[in-house]
Amino acid sequence: MSSKSSNSFQALRLEVPLAKPIGLDEASRLLVEKAKKEGIVLEYDRLALQGVQCGFGLLGLCCRNCYMGPCRIDPFGEGPSAGVCGATADTIVARNLLREEVGGTASHTEHAYEVAHVLKGVGLGLLKGYSVTDVEKLYALAEKLGVETKGKDVREVALEVAEKALEDFSRTEKEPLNWIKIKTPKTVYETWEKLGLLVSNVYAEIANAMHRSTMGNDADPTNLLLACLRQGIADGCGGLHIATDLQDVLFGVPRPREALVSLGTLKADHVNIAVHGHNPVLSMKIAEWAMKLNDEAKKVGAAGINVVGICCTGNEVLERLGIPGAAHNSQAELAIVTGALDAMVVDIQCIFPSLSQIASCYHTKLITTVPFVKIPGAQHIEFDPERADEVAEKIVREAIEAYKKRDPEKVFIPNVVQRAIVGFSVEAIVELLKKIDPDDPLKPLIDVIAEGKIKGAVGIVGCPSPKLRDQRITERLAKSLLAKDVLIVATGCTAYILAQEGLMTPEATMKHAGPGLREVLSLLGKFAGLDGPLPPVWHMGSCVDNSRIADLISALAERLGVHPSKLPVAGSAPEFITEKAVSIGTYFLALGITVHVAPAPRIFGSPYVAYVLTEKLKDITGGRLIVEYDPERAAERLYEAILEKRRELGLA
């Protein structure tokens, strides 16, 4: 243990009975064992130390929104039935759900806001370190947004598109978000308009949700649930869609490529830098400067610099640059435990404070870069797009310096590396389908669904949860669905799990896909120029790239002239942990999509809220919530939902 460790962490080492999670992937299992031998406390150990977690909290029945409380409702009807102010279980649960969604919406929309400002800086000529990489995507957005392009240079168009995005954060008139107008199918738009769900200003929506859920305001659970739908729409259109679209403009639309995943992508003879978080504005610059300073690493005895990705910013560089995807967020601690990681550079979201404590046991530098994401014990090097090259160079040089202090005796990198085909943007999918039908590219996909060769599609998204990871829920769910001829698309840290399981390879199609799905993917593989089929799980990017899934659903619905709720598609977040997952899921419920989750969201303290989301909502937006822990049973329920949609469309 390094002398830099805090006394509290040393005490924690002595007190925690180290947990023994089972069912982990091989690389994680080996590093968990290493951590145990070295006395390193991981998330599994901290979870074990929690003991039985609060039942009131799990049901959503605890209210701490004023200082007459905290209040809690007895779910068995034997104790308090209302808080001090008179708020019932229905009100408290609905308020708490709304506040969870605010956290998720704030995360994604601020991400989008920052990216929009970078694009604006490019348009104004103020940011020399960035440029428009994908002019075609920029002009496609401009056309949808009504931005005139004739006679203008690329920077002028970029500026106007960025300003259209920033309008969605500052509009004072009661007009819908620009990205609602350009992204929402007509049938959905009409539903939202009828229900009063057309959000005008992202930040105003967040502020209103916090206001209405304070003590003494909205107590109507139905009204609060409508506000939850508005938050989901603000997140989806004002966060996910804007972030993905503008990142594509700045850094390029992803195209399919083969890459490597797993913790085994770290290299013992290289300076290893992990980019962790969500914002590619930073991670793309780190990757650029790692290449520029590769010879500097060789001067200190390394073979070069190896950049790997963790969490969603890892997905961003994975799908655009082919940089290895080392770890999902629950493996971030293990990346440090290898003893081979010289620097972990973090930006926003899903950054465990524990990383600083674990880094102190090794030579690893944990470097925070965002003013509102600081961690005690970490080195802070503030990133600013106006000084992007200067800051990125400094960070990479810090990693090179750290390499000199690496202890070879502490290094252990699992010999586990997996191939994966990644980068399935909607544009790339349509380009492939155009090789079959140039005039109507979606028709071949619609035809094989109508014929039943592909029964439908499920988006498996979200996070790995230490509560469920040992049961391999995500992998089991995916394999069960594939065997039923259901195509899977994946984003976020769940995409890492499925890639590490080998489900993003042509071999996985031959092993796990049902006969109809296998036939279609084999045909598509030929048109893609592969020696074998396309993989049965399509990597569509980071968590903000759930917008790509929404785009594909919307395109299919509009091509068929039906509401998205009529399509044989569904979503699943089988191990979700964040507020962001709640707001994303609500966006898809608002679109009319069936959404499966585990663990249970904190709604079951209110029979009314649970009923609305699991039953009544399908009569309102077409969407509904499924809660199911057993992955095989979850697969059956999702498959039944797909078959029900097929029957409604008159398909076998």
# chains A, B, ... in the order shown; residues from 1 in each chain; ligands from 1
>>> residues_around(residues="Tyr130 in chain A", least_positions_apart="6", cutoff="9 Å", atoms="only C-alpha atoms", output="PyMOL selection string")
chain A and resi 118-119+121-122+250-251+281+385+388
>>> write_last_selection(atoms="N, CA and C atoms", output="mmCIF file, in the first residue's frame")
data_model
loop_
_atom_site.group_PDB
_atom_site.id
_atom_site.type_symbol
_atom_site.label_atom_id
_atom_site.label_comp_id
_atom_site.auth_asym_id
_atom_site.auth_seq_id
_atom_site.Cartn_x
_atom_site.Cartn_y
_atom_site.Cartn_z
ATOM 1 N N VAL A 118 -18.863 24.090 -28.392
ATOM 2 C CA VAL A 118 -17.642 23.791 -29.144
ATOM 3 C C VAL A 118 -17.886 24.006 -30.639
ATOM 4 N N LEU A 119 -19.031 23.502 -31.135
ATOM 5 C CA LEU A 119 -19.338 23.699 -32.553
ATOM 6 C C LEU A 119 -19.501 25.191 -32.866
ATOM 7 N N GLY A 121 -17.926 27.589 -31.338
ATOM 8 C CA GLY A 121 -16.565 28.120 -31.360
ATOM 9 C C GLY A 121 -15.851 27.824 -32.660
ATOM 10 N N VAL A 122 -16.128 26.643 -33.217
ATOM 11 C CA VAL A 122 -15.567 26.300 -34.527
ATOM 12 C C VAL A 122 -16.132 27.250 -35.587
ATOM 13 N N LEU A 250 -18.593 17.119 -35.568
ATOM 14 C CA LEU A 250 -17.236 17.480 -35.157
ATOM 15 C C LEU A 250 -16.223 16.363 -35.393
ATOM 16 N N PHE A 251 -16.637 15.122 -35.127
ATOM 17 C CA PHE A 251 -15.662 14.029 -35.108
ATOM 18 C C PHE A 251 -15.928 12.934 -36.137
ATOM 19 N N VAL A 281 -15.018 15.513 -26.652
ATOM 20 C CA VAL A 281 -14.272 16.747 -26.883
ATOM 21 C C VAL A 281 -12.888 16.639 -26.229
ATOM 22 N N PRO A 385 -11.758 23.878 -24.084
ATOM 23 C CA PRO A 385 -11.636 23.726 -25.533
ATOM 24 C C PRO A 385 -10.787 24.810 -26.194
ATOM 25 N N ALA A 388 -7.319 23.465 -25.866
ATOM 26 C CA ALA A 388 -7.405 22.009 -25.964
ATOM 27 C C ALA A 388 -6.062 21.349 -26.210
#
>>> residues_around(residues="Pro466 in chain A", least_positions_apart="2", cutoff="8 Å", atoms="only C-alpha atoms", output="tab-separated table (two decimals) with C-alpha atoms, in the first residue's frame")
chain	number	residue	atom	x	y	z
A	43	GLU	CA	-17.25	-1.90	-5.46
A	44	TYR	CA	-18.34	-5.47	-4.68
A	47	LEU	CA	-21.75	-3.25	-1.65
A	330	SER	CA	-17.61	-1.28	-13.18
A	464	PRO	CA	-23.37	-3.00	-15.30
A	468	LEU	CA	-26.59	-8.15	-10.68
A	469	ARG	CA	-23.29	-8.51	-12.56
A	470	ASP	CA	-22.44	-11.86	-10.97
>>> residues_around(residues="range 255-269 of chain A", least_positions_apart="3", cutoff="8 Å", atoms="only C-alpha atoms", output="VMD selection string")
chain A and resid 27 to 28 272 302 to 304 306 308 318 to 320 322 to 327 335 340 to 341 411 413 to 425 428 496 499 to 500
>>> write_last_selection(atoms="C-alpha atoms", output="PDB file, in the first residue's frame")
ATOM      1  CA  ALA A  27     -10.391 -10.717 -17.071  1.00  0.00           C
ATOM      2  CA  SER A  28     -12.456  -9.202 -14.250  1.00  0.00           C
ATOM      3  CA  ASN A 272      -1.056   3.259 -20.902  1.00  0.00           C
ATOM      4  CA  ALA A 302       8.395   2.505 -23.344  1.00  0.00           C
ATOM      5  CA  ALA A 303       7.501   0.945 -26.679  1.00  0.00           C
ATOM      6  CA  GLY A 304       5.026   3.751 -27.287  1.00  0.00           C
ATOM      7  CA  ASN A 306      -1.383   2.954 -25.759  1.00  0.00           C
ATOM      8  CA  VAL A 308      -7.687   2.711 -24.188  1.00  0.00           C
ATOM      9  CA  LEU A 318     -13.782   3.087 -30.113  1.00  0.00           C
ATOM     10  CA  GLU A 319     -16.445   3.673 -32.769  1.00  0.00           C
ATOM     11  CA  ARG A 320     -14.628   6.541 -34.501  1.00  0.00           C
ATOM     12  CA  GLY A 322     -10.828   2.010 -33.320  1.00  0.00           C
ATOM     13  CA  ILE A 323      -9.103   2.742 -29.989  1.00  0.00           C
ATOM     14  CA  PRO A 324      -9.474  -0.377 -27.800  1.00  0.00           C
ATOM     15  CA  GLY A 325     -12.392  -0.455 -25.382  1.00  0.00           C
ATOM     16  CA  ALA A 326     -10.783  -1.699 -22.183  1.00  0.00           C
ATOM     17  CA  ALA A 327     -13.543  -1.534 -19.627  1.00  0.00           C
ATOM     18  CA  ALA A 335      -7.944  -1.166 -14.904  1.00  0.00           C
ATOM     19  CA  ALA A 340      -0.015  -1.085 -15.772  1.00  0.00           C
ATOM     20  CA  LEU A 341      -2.206   2.001 -16.086  1.00  0.00           C
ATOM     21  CA  VAL A 411       1.870  -5.432 -13.096  1.00  0.00           C
ATOM     22  CA  ILE A 413      -2.589  -7.788 -17.362  1.00  0.00           C
ATOM     23  CA  PRO A 414      -5.042 -10.640 -18.027  1.00  0.00           C
ATOM     24  CA  ASN A 415      -4.325 -12.354 -21.314  1.00  0.00           C
ATOM     25  CA  VAL A 416      -7.905 -11.782 -22.467  1.00  0.00           C
ATOM     26  CA  VAL A 417      -8.657  -9.801 -25.614  1.00  0.00           C
ATOM     27  CA  GLN A 418     -11.805  -9.995 -27.719  1.00  0.00           C
ATOM     28  CA  ARG A 419     -12.512  -8.814 -31.264  1.00  0.00           C
ATOM     29  CA  ALA A 420     -15.598  -6.744 -31.982  1.00  0.00           C
ATOM     30  CA  ILE A 421     -17.158  -5.059 -34.989  1.00  0.00           C
ATOM     31  CA  VAL A 422     -18.361  -1.630 -33.868  1.00  0.00           C
ATOM     32  CA  GLY A 423     -19.654   1.606 -35.401  1.00  0.00           C
ATOM     33  CA  PHE A 424     -23.211   0.838 -36.533  1.00  0.00           C
ATOM     34  CA  SER A 425     -24.538   4.364 -36.996  1.00  0.00           C
ATOM     35  CA  ALA A 428     -23.820   3.221 -41.948  1.00  0.00           C
ATOM     36  CA  TYR A 496     -18.834  -3.397 -23.539  1.00  0.00           C
ATOM     37  CA  ALA A 499     -18.531  -7.150 -26.858  1.00  0.00           C
ATOM     38  CA  GLN A 500     -16.419  -8.799 -24.176  1.00  0.00           C
TER      39      GLN A 500
END
>>> residues_around(residues="range 147-157 of chain A", least_positions_apart="5", cutoff="8 Å", atoms="only C-alpha atoms", output="PyMOL selection string")
chain A and resi 122-125+132+135+138-139+142
>>> write_last_selection(atoms="N, CA and C atoms", output="compact mmCIF listing (two decimals), in the first residue's frame")
# COMPACT_ATOMS: atom_id res chain seq x y z
N VAL A 122 -16.13 26.64 -33.22
CA VAL A 122 -15.57 26.30 -34.53
C VAL A 122 -16.13 27.25 -35.59
N GLY A 123 -17.45 27.46 -35.52
CA GLY A 123 -18.09 28.34 -36.50
C GLY A 123 -17.57 29.76 -36.44
N LEU A 124 -17.25 30.23 -35.24
CA LEU A 124 -16.74 31.59 -35.06
C LEU A 124 -15.24 31.69 -35.32
N GLY A 125 -14.61 30.55 -35.51
CA GLY A 125 -13.16 30.54 -35.73
C GLY A 125 -12.35 30.75 -34.47
N VAL A 132 -14.91 20.98 -38.40
CA VAL A 132 -16.00 20.13 -38.88
C VAL A 132 -15.39 18.97 -39.63
N VAL A 135 -18.80 17.01 -43.06
CA VAL A 135 -19.56 18.08 -43.71
C VAL A 135 -20.92 17.58 -44.16
N LEU A 138 -23.26 17.67 -41.31
CA LEU A 138 -23.59 19.07 -41.01
C LEU A 138 -24.66 19.60 -41.95
N TYR A 139 -24.49 19.35 -43.25
CA TYR A 139 -25.44 19.89 -44.22
C TYR A 139 -26.79 19.17 -44.14
N ALA A 142 -28.45 20.87 -41.27
CA ALA A 142 -28.83 22.22 -41.67
C ALA A 142 -30.13 22.22 -42.48
>>> residues_around(residues="Val370 in chain A", least_positions_apart="4", cutoff="9 Å", atoms="only C-alpha atoms", output="ChimeraX atom specification")
/A:346-348,374,380-384
>>> select_by_dssp(residues="range 534-567 of chain A", states="helix (DSSP H, G or I)", output="PyMOL selection string")
chain A and resi 546-560+564-566
>>> write_last_selection(atoms="C-alpha atoms", output="CSV table (one decimal), in the first residue's frame")
chain,number,residue,atom,x,y,z
A,546,ASN,CA,-29.4,5.9,-27.8
A,547,SER,CA,-30.6,8.6,-30.0
A,548,ARG,CA,-29.4,6.5,-33.0
A,549,ILE,CA,-31.7,3.7,-31.9
A,550,ALA,CA,-34.6,6.3,-31.7
A,551,ASP,CA,-33.6,7.6,-35.2
A,552,LEU,CA,-33.7,4.0,-36.6
A,553,ILE,CA,-37.1,3.4,-35.0
A,554,SER,CA,-38.5,6.7,-36.3
A,555,ALA,CA,-37.2,6.0,-39.8
A,556,LEU,CA,-38.9,2.6,-39.9
A,557,ALA,CA,-42.1,4.0,-38.5
A,558,GLU,CA,-42.3,6.8,-41.0
A,559,ARG,CA,-41.4,4.5,-43.9
A,560,LEU,CA,-44.3,2.3,-42.9
A,564,PRO,CA,-43.5,3.6,-33.5
A,565,SER,CA,-45.5,1.8,-30.8
A,566,LYS,CA,-46.7,-0.5,-33.7
>>> atom_distance(atom1="CA of Ala359 in chain A", atom2="CA of Ile336 in chain A")
6.3 Å
>>> select_by_dssp(residues="range 1-125 of chain A", states="strand (DSSP E or B)", output="ChimeraX atom specification")
/A:62-63,71-72,82,88
>>> closest_residue(among="A:Leu127, A:Ile242, A:Ile351, A:Cys312", to="Asp389 in chain A", atoms="only C-alpha atoms")
A:Leu127
>>> closest_residue(among="A:Asp245, A:Asp545, A:Thr184, A:Tyr67", to="Leu141 in chain A", atoms="only C-alpha atoms")
A:Asp245
>>> closest_residue(among="A:Val271, A:Ala243, A:Leu517, A:Ala635", to="Lys298 in chain A", atoms="only C-alpha atoms")
A:Val271
>>> closest_residue(among="A:Tyr587, A:Phe56, A:Phe576, A:Tyr611", to="Tyr629 in chain A", atoms="only C-alpha atoms")
A:Phe576
>>> closest_residue(among="A:Ile310, A:Leu145, A:Val489, A:Ala219", to="Glu160 in chain A", atoms="only C-alpha atoms")
A:Leu145
>>> atom_distance(atom1="CA of Arg602 in chain A", atom2="CA of Asp90 in chain A")
11.7 Å
>>> closest_residue(among="A:Ala343, A:Val597, A:Leu498, A:Leu591", to="Asp25 in chain A", atoms="only C-alpha atoms")
A:Leu498
